[in-house]
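Here is the file upload.txt (compact mmCIF, N, CA and C atoms).
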```
# COMPACT_ATOMS: atom_id res chain seq x y z
N MET F 492 124.45 118.14 86.34
CA MET F 492 123.89 117.23 85.35
C MET F 492 123.21 116.08 86.08
N THR F 493 122.03 115.70 85.61
CA THR F 493 121.26 114.62 86.23
C THR F 493 122.00 113.30 86.12
N PHE F 494 121.90 112.51 87.19
CA PHE F 494 122.54 111.20 87.28
C PHE F 494 121.45 110.15 87.34
N VAL F 495 121.61 109.06 86.59
CA VAL F 495 120.61 108.00 86.53
C VAL F 495 121.23 106.69 86.97
N ALA F 496 120.53 105.98 87.84
CA ALA F 496 120.94 104.64 88.26
C ALA F 496 119.85 103.66 87.83
N ILE F 497 120.28 102.58 87.17
CA ILE F 497 119.34 101.56 86.72
C ILE F 497 119.77 100.24 87.35
N ASN F 498 118.83 99.61 88.04
CA ASN F 498 119.07 98.29 88.61
C ASN F 498 118.26 97.30 87.78
N MET F 499 118.95 96.42 87.06
CA MET F 499 118.31 95.41 86.22
C MET F 499 118.10 94.17 87.08
N LEU F 500 116.85 93.82 87.32
CA LEU F 500 116.51 92.67 88.16
C LEU F 500 116.03 91.51 87.30
N THR F 501 116.71 90.38 87.38
CA THR F 501 116.28 89.18 86.68
C THR F 501 115.20 88.52 87.52
N VAL F 502 114.03 88.31 86.92
CA VAL F 502 112.87 87.79 87.64
C VAL F 502 112.39 86.53 86.93
N PRO F 503 112.32 85.41 87.65
CA PRO F 503 111.86 84.17 87.04
C PRO F 503 110.40 84.28 86.56
N GLU F 504 110.08 83.49 85.57
CA GLU F 504 108.71 83.42 85.04
C GLU F 504 107.71 83.27 86.18
N GLY F 505 106.67 84.09 86.16
CA GLY F 505 105.61 84.00 87.16
C GLY F 505 105.87 84.72 88.46
N GLU F 506 107.03 85.33 88.62
CA GLU F 506 107.38 86.01 89.88
C GLU F 506 107.24 87.53 89.79
N GLY F 507 106.87 88.05 88.64
CA GLY F 507 106.78 89.50 88.46
C GLY F 507 105.79 90.17 89.40
N ALA F 508 104.62 89.56 89.58
CA ALA F 508 103.61 90.16 90.46
C ALA F 508 104.13 90.27 91.89
N LYS F 509 104.86 89.26 92.32
CA LYS F 509 105.42 89.28 93.68
C LYS F 509 106.44 90.42 93.82
N LEU F 510 107.28 90.59 92.81
CA LEU F 510 108.26 91.68 92.84
C LEU F 510 107.54 93.04 92.87
N GLU F 511 106.54 93.20 92.03
CA GLU F 511 105.80 94.46 91.98
C GLU F 511 105.12 94.76 93.31
N GLU F 512 104.58 93.73 93.95
CA GLU F 512 103.95 93.92 95.26
C GLU F 512 104.97 94.37 96.30
N ARG F 513 106.16 93.81 96.25
CA ARG F 513 107.21 94.22 97.19
C ARG F 513 107.58 95.68 96.98
N PHE F 514 107.64 96.11 95.72
CA PHE F 514 107.96 97.51 95.47
C PHE F 514 106.81 98.43 95.90
N ARG F 515 105.56 97.98 95.74
CA ARG F 515 104.43 98.79 96.22
C ARG F 515 104.53 98.99 97.72
N GLY F 516 105.05 98.01 98.44
CA GLY F 516 105.15 98.09 99.89
C GLY F 516 106.48 98.65 100.38
N ARG F 517 107.28 99.19 99.46
CA ARG F 517 108.61 99.68 99.84
C ARG F 517 108.50 100.81 100.86
N ALA F 518 109.53 100.94 101.65
CA ALA F 518 109.54 101.92 102.74
C ALA F 518 109.41 103.35 102.23
N GLY F 519 109.92 103.65 101.03
CA GLY F 519 109.79 104.98 100.46
C GLY F 519 110.81 105.98 100.96
N ALA F 520 111.79 105.53 101.71
CA ALA F 520 112.80 106.46 102.24
C ALA F 520 113.57 107.15 101.12
N VAL F 521 113.72 106.49 99.99
CA VAL F 521 114.44 107.11 98.88
C VAL F 521 113.75 108.39 98.44
N ASP F 522 112.44 108.45 98.57
CA ASP F 522 111.70 109.64 98.16
C ASP F 522 112.11 110.87 98.94
N ARG F 523 112.65 110.69 100.13
CA ARG F 523 113.08 111.80 100.98
C ARG F 523 114.59 112.01 100.97
N ALA F 524 115.31 111.22 100.16
CA ALA F 524 116.77 111.32 100.13
C ALA F 524 117.20 112.61 99.45
N THR F 525 118.26 113.20 99.96
CA THR F 525 118.81 114.41 99.37
C THR F 525 119.20 114.15 97.92
N GLY F 526 118.72 114.98 97.02
CA GLY F 526 119.08 114.87 95.61
C GLY F 526 118.25 113.90 94.80
N PHE F 527 117.32 113.18 95.44
CA PHE F 527 116.47 112.24 94.72
C PHE F 527 115.49 113.02 93.84
N VAL F 528 115.32 112.57 92.58
CA VAL F 528 114.41 113.23 91.66
C VAL F 528 113.16 112.37 91.42
N ASP F 529 113.35 111.14 90.93
CA ASP F 529 112.20 110.27 90.72
C ASP F 529 112.59 108.80 90.59
N PHE F 530 111.56 107.95 90.63
CA PHE F 530 111.69 106.50 90.64
C PHE F 530 110.69 105.91 89.65
N GLU F 531 111.11 104.87 88.92
CA GLU F 531 110.20 104.11 88.07
C GLU F 531 110.57 102.63 88.18
N LEU F 532 109.56 101.78 88.26
CA LEU F 532 109.74 100.34 88.14
C LEU F 532 109.16 99.97 86.79
N LEU F 533 110.01 99.48 85.87
CA LEU F 533 109.58 99.15 84.52
C LEU F 533 109.40 97.64 84.37
N ARG F 534 108.20 97.25 83.97
CA ARG F 534 107.85 95.84 83.77
C ARG F 534 108.19 95.43 82.33
N PRO F 535 108.88 94.30 82.13
CA PRO F 535 109.20 93.87 80.77
C PRO F 535 107.95 93.43 80.02
N ILE F 536 107.90 93.77 78.74
CA ILE F 536 106.78 93.36 77.89
C ILE F 536 107.22 92.24 76.96
N SER F 537 108.39 92.40 76.35
CA SER F 537 108.88 91.35 75.45
C SER F 537 110.40 91.41 75.38
N GLY F 538 110.99 90.28 75.07
CA GLY F 538 112.42 90.21 74.83
C GLY F 538 113.29 90.02 76.05
N THR F 539 112.71 90.09 77.25
CA THR F 539 113.51 89.93 78.46
C THR F 539 112.61 89.58 79.64
N ASN F 540 113.23 89.01 80.67
CA ASN F 540 112.51 88.78 81.93
C ASN F 540 113.05 89.70 83.02
N ARG F 541 113.76 90.74 82.60
CA ARG F 541 114.40 91.65 83.55
C ARG F 541 113.56 92.92 83.75
N TYR F 542 113.27 93.20 85.00
CA TYR F 542 112.64 94.46 85.38
C TYR F 542 113.74 95.51 85.49
N MET F 543 113.38 96.78 85.26
CA MET F 543 114.31 97.88 85.45
C MET F 543 113.81 98.76 86.59
N VAL F 544 114.68 99.02 87.55
CA VAL F 544 114.40 99.99 88.60
C VAL F 544 115.22 101.23 88.20
N LEU F 545 114.52 102.28 87.84
CA LEU F 545 115.15 103.48 87.29
C LEU F 545 115.00 104.62 88.29
N THR F 546 116.13 105.19 88.72
CA THR F 546 116.08 106.35 89.60
C THR F 546 116.91 107.48 89.01
N HIS F 547 116.40 108.70 89.15
CA HIS F 547 117.11 109.90 88.73
C HIS F 547 117.55 110.66 89.98
N TRP F 548 118.75 111.21 89.91
CA TRP F 548 119.35 111.94 91.03
C TRP F 548 119.90 113.27 90.53
N ARG F 549 119.97 114.22 91.42
CA ARG F 549 120.55 115.52 91.10
C ARG F 549 122.03 115.38 90.74
N SER F 550 122.73 114.44 91.43
CA SER F 550 124.15 114.27 91.16
C SER F 550 124.60 112.86 91.53
N ARG F 551 125.75 112.50 91.03
CA ARG F 551 126.37 111.20 91.37
C ARG F 551 126.65 111.14 92.87
N GLU F 552 127.06 112.26 93.44
CA GLU F 552 127.37 112.31 94.87
C GLU F 552 126.12 112.04 95.72
N ASP F 553 124.97 112.58 95.28
CA ASP F 553 123.73 112.32 96.01
C ASP F 553 123.37 110.84 95.98
N PHE F 554 123.55 110.20 94.81
CA PHE F 554 123.27 108.77 94.70
C PHE F 554 124.21 107.97 95.60
N ALA F 555 125.50 108.31 95.57
CA ALA F 555 126.48 107.61 96.41
C ALA F 555 126.15 107.76 97.89
N ALA F 556 125.76 108.96 98.29
CA ALA F 556 125.40 109.19 99.70
C ALA F 556 124.19 108.34 100.08
N TRP F 557 123.21 108.21 99.17
CA TRP F 557 122.04 107.38 99.43
C TRP F 557 122.44 105.92 99.63
N THR F 558 123.29 105.38 98.74
CA THR F 558 123.65 103.97 98.83
C THR F 558 124.49 103.65 100.06
N GLU F 559 125.09 104.67 100.66
CA GLU F 559 125.89 104.47 101.87
C GLU F 559 125.12 104.79 103.15
N SER F 560 123.85 105.17 103.01
CA SER F 560 123.07 105.61 104.17
C SER F 560 122.41 104.46 104.92
N GLN F 561 122.07 104.73 106.16
CA GLN F 561 121.33 103.78 106.98
C GLN F 561 119.94 103.55 106.38
N SER F 562 119.33 104.60 105.82
CA SER F 562 118.01 104.48 105.20
C SER F 562 118.04 103.50 104.03
N PHE F 563 119.10 103.54 103.24
CA PHE F 563 119.25 102.61 102.11
C PHE F 563 119.31 101.18 102.62
N ARG F 564 120.16 100.93 103.61
CA ARG F 564 120.29 99.57 104.15
C ARG F 564 118.97 99.09 104.74
N HIS F 565 118.31 99.97 105.48
CA HIS F 565 117.04 99.60 106.09
C HIS F 565 115.97 99.34 105.02
N GLY F 566 115.88 100.23 104.03
CA GLY F 566 114.89 100.09 102.98
C GLY F 566 115.07 98.82 102.17
N HIS F 567 116.31 98.47 101.88
CA HIS F 567 116.54 97.26 101.10
C HIS F 567 116.35 96.00 101.93
N ALA F 568 116.61 96.08 103.20
CA ALA F 568 116.37 94.91 104.07
C ALA F 568 114.87 94.69 104.23
N SER F 569 114.10 95.76 104.46
CA SER F 569 112.67 95.59 104.67
C SER F 569 111.94 95.36 103.35
N ALA F 570 112.49 95.85 102.25
CA ALA F 570 111.82 95.67 100.95
C ALA F 570 111.83 94.22 100.51
N THR F 571 112.81 93.47 100.94
CA THR F 571 112.83 92.07 100.53
C THR F 571 111.70 91.31 101.17
N GLY F 572 111.39 91.61 102.43
CA GLY F 572 110.25 91.01 103.10
C GLY F 572 110.24 89.50 103.02
N ARG F 573 111.38 88.90 103.03
CA ARG F 573 111.44 87.45 102.86
C ARG F 573 112.11 86.80 104.04
N GLU F 574 111.80 85.56 104.23
CA GLU F 574 112.38 84.83 105.34
C GLU F 574 113.70 84.18 104.97
N SER F 575 113.92 83.95 103.67
CA SER F 575 115.17 83.33 103.24
C SER F 575 115.49 83.78 101.83
N GLU F 576 116.72 83.55 101.39
CA GLU F 576 117.12 83.89 100.03
C GLU F 576 116.26 83.16 99.00
N SER F 577 115.82 81.94 99.30
CA SER F 577 115.03 81.17 98.35
C SER F 577 113.64 81.78 98.14
N ASP F 578 113.24 82.72 99.00
CA ASP F 578 111.94 83.37 98.89
C ASP F 578 112.01 84.64 98.04
N SER F 579 113.14 84.92 97.43
CA SER F 579 113.32 86.13 96.65
C SER F 579 112.63 86.02 95.30
N SER F 580 112.01 87.12 94.83
CA SER F 580 111.39 87.11 93.51
C SER F 580 112.38 87.50 92.42
N ALA F 581 113.53 88.03 92.77
CA ALA F 581 114.57 88.35 91.80
C ALA F 581 115.76 87.43 92.02
N THR F 582 116.30 86.91 90.93
CA THR F 582 117.43 85.98 91.05
C THR F 582 118.76 86.61 90.67
N GLY F 583 118.73 87.85 90.19
CA GLY F 583 119.96 88.53 89.83
C GLY F 583 119.75 90.03 89.78
N SER F 584 120.83 90.77 89.92
CA SER F 584 120.76 92.22 89.93
C SER F 584 122.02 92.78 89.30
N GLU F 585 121.86 93.75 88.43
CA GLU F 585 123.00 94.43 87.81
C GLU F 585 122.71 95.92 87.83
N ILE F 586 123.59 96.70 88.44
CA ILE F 586 123.40 98.14 88.53
C ILE F 586 124.26 98.83 87.48
N MET F 587 123.62 99.73 86.74
CA MET F 587 124.31 100.53 85.73
C MET F 587 124.05 101.99 86.07
N THR F 588 125.02 102.86 85.84
CA THR F 588 124.85 104.28 86.13
C THR F 588 125.20 105.12 84.91
N PHE F 589 124.51 106.25 84.78
CA PHE F 589 124.65 107.11 83.62
C PHE F 589 124.53 108.57 84.02
N GLU F 590 125.09 109.44 83.21
CA GLU F 590 124.80 110.87 83.29
C GLU F 590 123.93 111.20 82.09
N VAL F 591 122.95 112.07 82.28
CA VAL F 591 122.08 112.46 81.18
C VAL F 591 122.86 113.40 80.26
N ALA F 592 123.06 112.97 79.02
CA ALA F 592 123.79 113.78 78.04
C ALA F 592 122.85 114.71 77.29
N GLN F 593 121.61 114.27 77.07
CA GLN F 593 120.59 115.09 76.41
C GLN F 593 119.25 114.74 77.01
N LEU F 594 118.35 115.72 77.02
CA LEU F 594 117.02 115.51 77.57
C LEU F 594 116.01 116.24 76.71
N SER F 595 114.93 115.55 76.39
CA SER F 595 113.82 116.16 75.65
C SER F 595 112.54 115.71 76.32
N SER F 596 111.61 116.61 76.52
CA SER F 596 110.34 116.26 77.17
C SER F 596 109.18 116.58 76.23
N GLY F 597 108.22 115.66 76.20
CA GLY F 597 107.02 115.89 75.42
C GLY F 597 105.94 116.52 76.27
N GLU F 598 104.74 116.50 75.76
CA GLU F 598 103.62 117.04 76.52
C GLU F 598 103.34 116.15 77.72
N SER F 599 102.89 116.75 78.80
CA SER F 599 102.61 115.97 80.01
C SER F 599 101.38 115.10 79.84
N ASP F 600 100.43 115.46 78.97
CA ASP F 600 99.24 114.66 78.71
C ASP F 600 99.41 113.96 77.38
N PRO F 601 99.64 112.62 77.39
CA PRO F 601 99.87 111.93 76.13
C PRO F 601 98.63 111.84 75.23
N ASN F 602 97.45 112.13 75.78
CA ASN F 602 96.20 112.07 75.01
C ASN F 602 95.42 113.38 75.15
N PRO F 603 95.97 114.50 74.67
CA PRO F 603 95.29 115.78 74.85
C PRO F 603 93.95 115.79 74.11
N GLY F 604 92.97 116.43 74.72
CA GLY F 604 91.67 116.56 74.11
C GLY F 604 90.74 115.38 74.30
N GLU F 605 91.18 114.35 74.99
CA GLU F 605 90.31 113.19 75.23
C GLU F 605 89.57 113.34 76.52
```
Written as structure tokens, how would this file's structure read?
Amino acid sequence: MTFVAINMLTVPEGEGAKLEERFRGRAGAVDRATGFVDFELLRPISGTNRYMVLTHWRSREDFAAWTESQSFRHGHASATGRESESDSSATGSEIMTFEVAQLSSGESDPNPGE
């Protein structure tokens, strides 16, 4: 069963672009991790200032192995790209994990015929 990890990042007003730039420059080691399926960075539109980092994994064990790996530590250290804690674009982080109980997929082209 697919395993999902969501990291909710609290981002101060005006710091979203900086956070997005850091993710664009991420090392990408997670893309090569055993059991990794996909990654999404979700930008808030309304109702919150929290970004969501959404990753899907083949299993909980694969996610746990990733978080304990040298690649994880290296990727998160280099992804911050900051000289001090005060230079961070996120002021808080909360990780939530889930198993996919149901899955439904629509068409891959949201605008067919255009």
Exercise for the section: Rounded to one decimal place, report the CA of Phe514 in chain F-CA of Leu500 in chain F distance in Å. Expected result: 12.2 Å
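One finds CA of Asp522 in chain F at 27.1 Å from atom N of Asn540 in chain F.
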Show me, as JSON, the centre and edge lengths in Å to one decimal of the axis-aligned box that covers every listed atom of range 582-587 of chain F with 8 Å on each side.
```
{"center_x": 120.3, "center_y": 94.0, "center_z": 88.4, "size_x": 24.0, "size_y": 32.0, "size_z": 21.3}
```
Exercise for the section: Excluding Gly583 in chain F and any residue of its chain fewer than 4 positions from it, enumerate the residues within 8 Å of it, using only C-alpha atoms, and give them as a list in words. Expected result: Met499, Leu500, Thr501 and Val502 of chain F
Please, could you write that set of residues out with N, CA and C atoms as an mmCIF file, in the coordinates of the input?
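This is the output file again_18.cif:
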```cif
data_model
loop_
_atom_site.group_PDB
_atom_site.id
_atom_site.type_symbol
_atom_site.label_atom_id
_atom_site.label_comp_id
_atom_site.auth_asym_id
_atom_site.auth_seq_id
_atom_site.Cartn_x
_atom_site.Cartn_y
_atom_site.Cartn_z
ATOM 1 N N MET F 499 118.950 96.420 87.060
ATOM 2 C CA MET F 499 118.310 95.410 86.220
ATOM 3 C C MET F 499 118.100 94.170 87.080
ATOM 4 N N LEU F 500 116.850 93.820 87.320
ATOM 5 C CA LEU F 500 116.510 92.670 88.160
ATOM 6 C C LEU F 500 116.030 91.510 87.300
ATOM 7 N N THR F 501 116.710 90.380 87.380
ATOM 8 C CA THR F 501 116.280 89.180 86.680
ATOM 9 C C THR F 501 115.200 88.520 87.520
ATOM 10 N N VAL F 502 114.030 88.310 86.920
ATOM 11 C CA VAL F 502 112.870 87.790 87.640
ATOM 12 C C VAL F 502 112.390 86.530 86.930
#
```
Problem - All helix (DSSP H, G or I) residues (DSSP, backbone) inside chain F, as an MDAnalysis selection string - result: chainID F and resid 507:515 520:523 551:558 561:571 576:578
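When CA of Ala508 in chain F is paired with CA of Trp557 in chain F, their separation reads 26.8 Å.
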Practice task
Could you give me the residues within range 495-546 of chain F that DSSP places in strand (DSSP E or B), as a VMD selection string?
Solution key: chain F and resid 495 to 501 527 to 533 541 to 546
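Nearest residue to Met587 in chain F, choosing from F:Met543, F:Met492, F:Ile497, F:Ala520 and counting all atoms listed in the file: F:Ile497.
Ranking F:Glu559, F:Glu585, F:Asp553, F:Glu598 by their shortest atom-to-atom distance to Gly526 in chain F, with all atoms listed in the file included, puts F:Asp553 first.
If you measure from each of F:Thr588, F:Ala556, F:Asp529, F:Asn498 to Tyr542 in chain F using only N, CA and C atoms, the closest one turns out to be F:Asn498.
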Fill in the blank from the handout: Restricting to only C-alpha atoms, whichever of F:Arg523, F:Arg515, F:Arg541, F:His547 is closest to Thr493 in chain F is F:His547
Exercise for the section: Name the residues in contact with range 590-596 of chain F at a cut-off of 9 Å, using only C-alpha atoms, excluding same-chain residues fewer than 5 positions from it; report them as a PyMOL selection string. Expected result: chain F and resi 492-496+550-551
Practice task
Using only N, CA and C atoms, find the one residue out of F:Ser562, F:Thr546, F:Thr525, F:Ser580 that sits nearest to Glu511 in chain F.
Solution key: F:Ser580
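When only N, CA and C atoms are used to measure the gap to Phe530 in chain F, the shortest distance among F:Thr582, F:Gly597, F:Trp548, F:Arg517 belongs to F:Trp548.
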